[in-house]
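Trainee: Provided below: my_file-v2.cif, containing mmCIF, C-alpha atoms.
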```cif
data_entry
loop_
_atom_site.label_atom_id
_atom_site.label_comp_id
_atom_site.auth_asym_id
_atom_site.auth_seq_id
_atom_site.Cartn_x
_atom_site.Cartn_y
_atom_site.Cartn_z
CA MET R 286 0.00 0.00 0.00
CA HIS R 287 1.58 3.26 -1.09
CA TYR R 288 0.59 6.88 -0.49
CA THR R 289 2.22 10.16 -1.49
CA PHE R 290 1.54 13.58 0.03
CA GLU R 291 2.86 16.99 -0.95
CA ILE R 292 4.43 19.37 1.56
CA GLU R 293 4.08 23.09 1.01
CA ARG R 294 6.43 25.45 2.79
CA GLY R 295 4.82 27.37 5.64
CA ASN R 296 1.35 25.94 5.02
CA PHE R 297 0.32 25.36 8.60
CA THR R 298 -3.35 25.43 7.65
CA ASP R 299 -3.02 21.99 6.09
CA ALA R 300 -0.29 20.77 8.47
CA GLY R 301 -1.14 17.36 9.82
CA GLN R 302 -3.36 16.23 6.98
CA ALA R 303 -0.90 13.57 5.84
CA SER R 304 -0.50 12.25 9.39
CA SER R 305 -4.26 12.35 9.87
CA SER R 306 -4.80 10.37 6.68
CA VAL R 307 -2.22 7.75 7.70
CA LYS R 308 -3.84 7.49 11.13
CA ARG R 309 -7.23 6.73 9.57
CA THR R 310 -5.66 4.12 7.27
CA LEU R 311 -3.85 2.35 10.11
CA LYS R 312 -7.02 2.32 12.22
CA HIS R 313 -8.91 0.85 9.29
CA LEU R 314 -6.23 -1.85 8.92
CA GLY R 315 -6.58 -2.77 12.59
CA VAL R 316 -3.05 -1.85 13.64
CA ALA R 317 -2.55 -1.81 17.44
CA PRO R 318 -3.34 1.63 18.95
CA ALA R 319 0.12 1.95 20.54
CA ASN R 320 1.77 1.46 17.15
CA ILE R 321 -0.62 3.89 15.49
CA LYS R 322 0.28 6.48 18.12
CA ARG R 323 4.04 6.01 17.63
CA THR R 324 3.67 6.18 13.88
CA VAL R 325 1.53 9.30 13.67
CA VAL R 326 3.49 11.22 16.30
CA ALA R 327 6.72 10.57 14.36
CA LEU R 328 5.13 11.40 11.02
CA PHE R 329 3.43 14.51 12.37
CA GLU R 330 6.70 15.81 13.83
CA ALA R 331 8.45 15.20 10.51
CA GLU R 332 5.60 16.84 8.61
CA ILE R 333 5.71 19.91 10.87
CA ASN R 334 9.51 20.05 10.55
CA ALA R 335 9.31 20.03 6.77
CA ILE R 336 6.56 22.67 6.66
CA ALA R 337 8.43 24.86 9.14
CA HIS R 338 11.95 24.56 7.78
CA ALA R 339 11.98 23.23 4.23
CA TYR R 340 11.28 24.78 0.85
CA GLY R 341 8.77 22.03 0.08
CA GLY R 342 8.80 18.30 -0.48
CA THR R 343 6.95 15.03 -0.41
CA ILE R 344 5.93 12.33 2.03
CA ASP R 345 5.96 8.75 0.75
CA VAL R 346 4.34 6.08 2.90
CA ASP R 347 4.53 2.32 2.36
CA ILE R 348 2.51 -0.03 4.53
CA ASP R 349 2.66 -3.82 4.61
CA ASP R 350 1.63 -6.45 7.15
CA GLU R 351 4.76 -5.99 9.27
CA LYS R 352 5.70 -2.33 9.11
CA ILE R 353 5.21 1.18 7.88
CA VAL R 354 8.01 3.08 6.16
CA MET R 355 7.64 6.85 5.89
CA VAL R 356 10.02 8.93 3.79
CA VAL R 357 9.85 12.71 4.17
CA ALA R 358 12.04 14.28 1.50
CA ASP R 359 12.49 18.02 1.03
CA THR R 360 14.35 20.24 -1.37
CA GLY R 361 16.39 22.22 1.08
CA PRO R 362 17.88 24.12 2.78
CA GLY R 363 19.39 21.06 4.53
CA ILE R 364 20.61 20.63 8.11
CA PRO R 365 24.13 22.03 8.66
CA ASN R 366 24.79 20.13 11.89
CA LEU R 367 22.76 16.97 12.40
CA ASP R 368 24.24 16.23 15.84
CA LEU R 369 22.99 19.58 17.10
CA ALA R 370 19.57 19.07 15.46
CA MET R 371 19.20 15.76 17.30
CA GLN R 372 19.75 17.42 20.68
CA GLU R 373 16.63 18.12 22.73
CA GLY R 374 16.04 21.88 22.87
CA TRP R 375 18.13 22.83 19.84
CA SER R 376 16.02 24.78 17.39
CA THR R 377 16.33 27.22 14.51
CA ALA R 378 12.55 27.72 14.24
CA SER R 379 11.17 31.15 13.34
CA PRO R 380 8.95 33.15 15.72
CA GLU R 381 5.97 32.29 13.46
CA VAL R 382 6.60 28.57 13.94
CA ARG R 383 6.89 29.05 17.70
CA GLU R 384 3.57 30.90 17.73
CA MET R 385 2.01 27.78 16.24
CA GLY R 386 3.17 25.84 19.32
CA TYR R 387 6.20 24.18 17.75
CA GLY R 388 9.89 24.90 17.34
CA ALA R 389 11.05 23.82 20.78
CA GLY R 390 13.74 21.53 19.44
CA MET R 391 11.86 18.37 20.36
CA GLY R 392 10.95 17.18 16.87
CA LEU R 393 13.84 14.97 15.81
CA PRO R 394 14.43 13.52 19.31
CA ASN R 395 10.73 12.70 19.50
CA ILE R 396 10.84 11.05 16.07
CA LYS R 397 13.77 8.92 17.20
CA LYS R 398 11.91 7.90 20.36
CA ASN R 399 8.80 6.82 18.45
CA THR R 400 10.36 4.90 15.56
CA ASP R 401 12.17 1.57 15.35
CA ASP R 402 14.53 2.82 12.68
CA LEU R 403 15.44 6.38 11.71
CA LYS R 404 17.75 7.53 8.94
CA ILE R 405 18.44 11.17 8.20
CA GLU R 406 20.41 12.19 5.15
CA SER R 407 20.97 15.89 4.69
CA THR R 408 23.08 18.03 2.39
CA VAL R 409 23.12 21.80 2.79
CA GLY R 410 21.74 23.43 -0.34
CA VAL R 411 20.25 20.17 -1.59
CA GLY R 412 17.76 18.88 0.98
CA THR R 413 16.96 16.44 3.74
CA THR R 414 15.48 12.96 3.57
CA VAL R 415 14.10 11.47 6.77
CA THR R 416 13.27 7.76 6.60
CA MET R 417 11.26 6.39 9.51
CA THR R 418 10.21 2.79 10.08
CA VAL R 419 7.78 1.44 12.65
CA PHE R 420 7.33 -2.32 13.00
CA PHE R 421 3.86 -3.46 14.00
CA ALA R 422 4.86 -6.68 15.79
CA MET P 226 -14.40 13.26 36.14
CA THR P 227 -16.81 13.89 33.28
CA ILE P 228 -16.24 16.53 30.63
CA LYS P 229 -19.35 18.39 31.76
CA GLU P 230 -18.08 18.48 35.35
CA ILE P 231 -14.80 19.97 34.14
CA ALA P 232 -16.73 22.59 32.17
CA ARG P 233 -18.78 23.42 35.26
CA LEU P 234 -15.71 23.79 37.47
CA VAL P 235 -13.87 26.13 35.07
CA GLU P 236 -17.09 27.98 34.23
CA GLY P 237 -16.51 27.04 30.63
CA GLU P 238 -18.60 26.59 27.52
CA ILE P 239 -18.51 23.31 25.61
CA VAL P 240 -17.83 23.74 21.88
CA GLY P 241 -16.59 21.51 19.06
CA ALA P 242 -17.64 17.88 19.46
CA PRO P 243 -20.41 17.20 22.01
CA ALA P 244 -19.26 15.99 25.44
CA ASP P 245 -19.13 12.21 25.79
CA ASP P 246 -20.71 11.56 29.19
CA THR P 247 -19.03 8.16 29.40
CA TYR P 248 -15.50 9.57 29.03
CA ASP P 249 -13.67 9.65 32.36
CA VAL P 250 -10.87 12.22 32.69
CA GLU P 251 -8.24 11.30 35.28
CA LYS P 252 -5.25 13.48 34.45
CA ALA P 253 -4.36 16.90 33.07
CA PHE P 254 -1.44 18.40 31.20
CA ALA P 255 -1.05 22.17 30.77
CA SER P 256 1.04 23.44 27.88
CA ASP P 257 1.07 25.96 25.07
CA LEU P 258 3.87 23.99 23.48
CA MET P 259 2.45 21.34 21.17
CA SER P 260 5.86 19.70 20.79
CA ASP P 261 5.69 18.80 24.48
CA VAL P 262 2.14 17.46 24.16
CA LEU P 263 3.45 14.96 21.60
CA ARG P 264 6.08 13.64 24.00
CA PHE P 265 3.75 11.97 26.45
CA SER P 266 0.96 9.42 26.61
CA MET P 267 -2.32 11.31 26.93
CA ASP P 268 -4.74 8.54 27.89
CA GLU P 269 -7.70 9.82 29.96
CA THR P 270 -6.04 13.23 29.95
CA VAL P 271 -7.40 16.74 29.44
CA LEU P 272 -5.11 19.27 27.79
CA ILE P 273 -5.22 22.78 29.25
CA THR P 274 -3.83 25.36 26.85
CA GLY P 275 -3.97 28.95 25.73
CA LEU P 276 -2.93 28.01 22.20
CA CYS P 277 -6.07 28.38 20.15
CA ASN P 278 -5.54 27.39 16.52
CA ASN P 279 -5.92 24.42 14.18
CA GLN P 280 -2.62 23.00 15.33
CA THR P 281 -4.05 22.57 18.83
CA MET P 282 -6.64 20.26 17.25
CA ARG P 283 -4.19 18.45 14.96
CA THR P 284 -1.80 17.84 17.84
CA SER P 285 -4.68 16.62 19.99
CA GLU P 286 -5.65 14.23 17.22
CA MET P 287 -2.14 12.75 17.04
CA ALA P 288 -1.89 12.54 20.83
CA ASP P 289 -5.33 10.83 21.11
CA LEU P 290 -6.65 13.66 23.26
CA ARG P 291 -10.42 13.93 23.41
CA VAL P 292 -10.85 16.98 25.66
CA VAL P 293 -9.09 20.34 25.52
CA VAL P 294 -9.69 23.28 27.83
CA ILE P 295 -8.91 26.54 26.04
CA GLY P 296 -8.06 29.14 28.68
CA ARG P 297 -7.45 32.88 28.79
CA ASP P 298 -10.76 33.58 27.02
CA LYS P 299 -9.34 32.64 23.61
CA GLN P 300 -11.96 32.23 20.90
CA PRO P 301 -11.70 29.34 18.42
CA ASP P 302 -12.52 30.37 14.84
CA GLU P 303 -14.96 28.52 12.57
CA ASP P 304 -12.19 26.38 11.02
CA MET P 305 -11.05 25.21 14.41
CA LEU P 306 -14.59 24.43 15.56
CA GLU P 307 -15.23 22.44 12.40
CA LEU P 308 -11.96 20.54 12.78
CA ALA P 309 -12.81 19.73 16.41
CA GLN P 310 -16.14 18.30 15.31
CA ASP P 311 -14.54 16.29 12.51
CA LEU P 312 -11.92 14.90 14.89
CA ASP P 313 -14.43 14.29 17.71
CA ILE P 314 -12.57 16.53 20.15
CA THR P 315 -14.54 18.42 22.79
CA MET P 316 -13.31 21.91 23.64
CA ILE P 317 -14.15 23.79 26.80
CA LYS P 318 -13.71 27.56 26.49
CA SER P 319 -12.89 29.23 29.79
CA LYS P 320 -12.21 32.83 30.72
CA PHE P 321 -9.86 31.74 33.49
CA SER P 322 -6.07 31.76 33.24
CA ILE P 323 -4.20 28.50 32.70
CA PHE P 324 -2.92 28.67 36.28
CA LYS P 325 -6.41 29.09 37.70
CA ILE P 326 -7.88 26.30 35.56
CA SER P 327 -5.04 24.00 36.61
CA GLY P 328 -5.52 24.88 40.27
CA ILE P 329 -9.26 24.28 40.19
CA LEU P 330 -8.93 20.90 38.49
CA TYR P 331 -6.06 19.82 40.75
CA GLU P 332 -8.10 20.71 43.81
CA ALA P 333 -11.02 18.72 42.41
CA GLY P 334 -8.87 15.59 42.18
CA ILE P 335 -7.52 15.61 38.64
CA LYS P 336 -3.99 14.24 38.74
CA PRO P 337 -0.95 15.72 37.00
CA LEU P 338 0.30 13.74 34.03
CA TYR P 339 3.59 13.33 35.91
#
```
What would you get if you wrote out this structure as structure tokens?

Mentor:
Amino acid sequence: MHYTFEIERGNFTDAGQASSSVKRTLKHLGVAPANIKRTVVALFEAEINAIAHAYGGTIDVDIDDEKIVMVVADTGPGIPNLDLAMQEGWSTASPEVREMGYGAGMGLPNIKKNTDDLKIESTVGVGTTVTMTVFFA
Amino acid sequence: MTIKEIARLVEGEIVGAPADDTYDVEKAFASDLMSDVLRFSMDETVLITGLCNNQTMRTSEMADLRVVVIGRDKQPDEDMLELAQDLDITMIKSKFSIFKISGILYEAGIKPLY
């Protein structure tokens, strides 16, 4: 099962629609609530990150009987220092993002906590690809 | 504690999804920071916040929250009310400050999330 969603820079009005759609799908498939929660929290954080920081991008979601793989790929600006970005409390979010209730530097650490596998590839000036996997078993 | 009892205690108005009389609230978490809301398990929990926008609803959806008290007399707009109904989230609008709402609910036996 494959789904693709578009991410538009700064569009907080629609923020969360991809995560919401995935949540409905997983519920429909009968995935355990705890795994649904982990999945949608991770995806929502990644979605918010991309809307807040990136120039735009896509979310690709693949679901099978054992797992869900979510790939959030943007077209820049890239993360200059990934170690810093992974630290709780480190943030480069704008005041507008903070007014929306985000930008506290908890996003990537929270994604790591809620996923079974997390890969982040980022090149400054090119973009960032975040690949998150949650196993259902 | 029922949602209606919470609304009575904080002198609030129920908006969004109708109150589910069978839902039992045991704990509360107060935050304007949605990133923090996503860090914890929110079972049987009411969120108390002054953040009044669609992201409050979206975050509540992801966190499996069913009741949100909006403090400081903030007014949800039509989009937010519609989203709350779609997501089956009950909002309680209160004129009280977050501190006062928290104090009232704590005194009435609602436990802190941690």

Trainee: Using the chain letters and numbers from the file, give me the residues hit by the PyMOL selection byres ((chain R) within 10 of (chain P)), as an mmCIF file with C-alpha atoms, keeping the file's coordinate frame.

Mentor:
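Output below, filename part-v8.cif:
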```
data_model
loop_
_atom_site.group_PDB
_atom_site.id
_atom_site.type_symbol
_atom_site.label_atom_id
_atom_site.label_comp_id
_atom_site.auth_asym_id
_atom_site.auth_seq_id
_atom_site.Cartn_x
_atom_site.Cartn_y
_atom_site.Cartn_z
ATOM 1 C CA PHE R 297 0.320 25.360 8.600
ATOM 2 C CA THR R 298 -3.350 25.430 7.650
ATOM 3 C CA ASP R 299 -3.020 21.990 6.090
ATOM 4 C CA ALA R 300 -0.290 20.770 8.470
ATOM 5 C CA GLY R 301 -1.140 17.360 9.820
ATOM 6 C CA GLN R 302 -3.360 16.230 6.980
ATOM 7 C CA SER R 304 -0.500 12.250 9.390
ATOM 8 C CA SER R 305 -4.260 12.350 9.870
ATOM 9 C CA LYS R 308 -3.840 7.490 11.130
ATOM 10 C CA PRO R 318 -3.340 1.630 18.950
ATOM 11 C CA ALA R 319 0.120 1.950 20.540
ATOM 12 C CA ILE R 321 -0.620 3.890 15.490
ATOM 13 C CA LYS R 322 0.280 6.480 18.120
ATOM 14 C CA ARG R 323 4.040 6.010 17.630
ATOM 15 C CA THR R 324 3.670 6.180 13.880
ATOM 16 C CA VAL R 325 1.530 9.300 13.670
ATOM 17 C CA VAL R 326 3.490 11.220 16.300
ATOM 18 C CA ALA R 327 6.720 10.570 14.360
ATOM 19 C CA LEU R 328 5.130 11.400 11.020
ATOM 20 C CA PHE R 329 3.430 14.510 12.370
ATOM 21 C CA GLU R 330 6.700 15.810 13.830
ATOM 22 C CA ILE R 333 5.710 19.910 10.870
ATOM 23 C CA ARG R 383 6.890 29.050 17.700
ATOM 24 C CA GLU R 384 3.570 30.900 17.730
ATOM 25 C CA MET R 385 2.010 27.780 16.240
ATOM 26 C CA GLY R 386 3.170 25.840 19.320
ATOM 27 C CA TYR R 387 6.200 24.180 17.750
ATOM 28 C CA GLY R 388 9.890 24.900 17.340
ATOM 29 C CA ALA R 389 11.050 23.820 20.780
ATOM 30 C CA GLY R 390 13.740 21.530 19.440
ATOM 31 C CA MET R 391 11.860 18.370 20.360
ATOM 32 C CA GLY R 392 10.950 17.180 16.870
ATOM 33 C CA PRO R 394 14.430 13.520 19.310
ATOM 34 C CA ASN R 395 10.730 12.700 19.500
ATOM 35 C CA ILE R 396 10.840 11.050 16.070
ATOM 36 C CA LYS R 398 11.910 7.900 20.360
ATOM 37 C CA ASN R 399 8.800 6.820 18.450
#
```

Trainee: Nearest to Thr414 in chain R: which of R:Asp401, R:Glu293, R:Asp350, R:Asp345 is it, counting only C-alpha atoms?

Mentor: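 Closest candidate: R:Asp345.
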
Trainee: Could you jot down the CA of Ala335 in chain R to CA of Val411 in chain R separation for me, Å, one decimal place?

Mentor: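 Computed distance, CA of Ala335 in chain R to CA of Val411 in chain R, equals 13.8 Å.
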
Trainee: Just to confirm, what's the straight-line distance from CA of Asp268 in chain P to CA of Phe321 in chain P in Å (one decimal)?

Mentor: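 It comes out at 24.4 Å.
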
Trainee: Running the PyMOL selection byres ((chain P and resi 328-331) around 12) on this model by hand, what would come out? Give it as a ChimeraX atom specification.

Mentor: /P:226-228,230-236,250-255,270-273,294,321-327,332-338

Trainee: Could you state the separation of CA of Val293 in chain P and CA of Lys229 in chain P in Å, given to one decimal place?

Mentor: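 Separation between CA of Val293 in chain P and CA of Lys229 in chain P: 12.2 Å.
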
Trainee: In file coordinates, which residues lie within 8 Å of (3.6, 16.8, 2.3) using only C-alpha atoms, given as a list of chain:residue names?

Mentor: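 Collected hits near the coordinates: R:Thr289, R:Phe290, R:Glu291, R:Ile292, R:Glu293, R:Ala303, R:Glu332, R:Ala335, R:Ile336, R:Gly341, R:Gly342, R:Thr343, R:Ile344, R:Val357.
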
Trainee: Applied to the shown file, which residues does the PyMOL selection byres ((chain R and resi 360-368) around 9) return, written as a PyMOL selection string?

Mentor: chain R and resi 338-342+358-359+369-372+405-414

Trainee: With all atoms listed in the file as the counted atoms, please give the residues lying no more than 10 Å from Val240 in chain P, apart from itself and same-chain residues fewer than 3 positions off, as a PyMOL selection string.

Mentor: chain P and resi 237+243-244+301+306-307+309-310+314-318

Trainee: Of the candidates P:Tyr248, P:Glu238, P:Lys320, P:Asp311, which shows the shortest atom-to-atom distance to Lys299 in chain P, using all atoms listed in the file?

Mentor: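 Under the stated criterion, the closest residue is P:Lys320.
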
Trainee: What residues have an atom no more than 7 Å from (1.7, 6.1, 2.0) in the file's own frame, counting only C-alpha atoms, and can you write them as a VMD selection string?

Mentor: chain R and resid 286 to 289 345 to 348
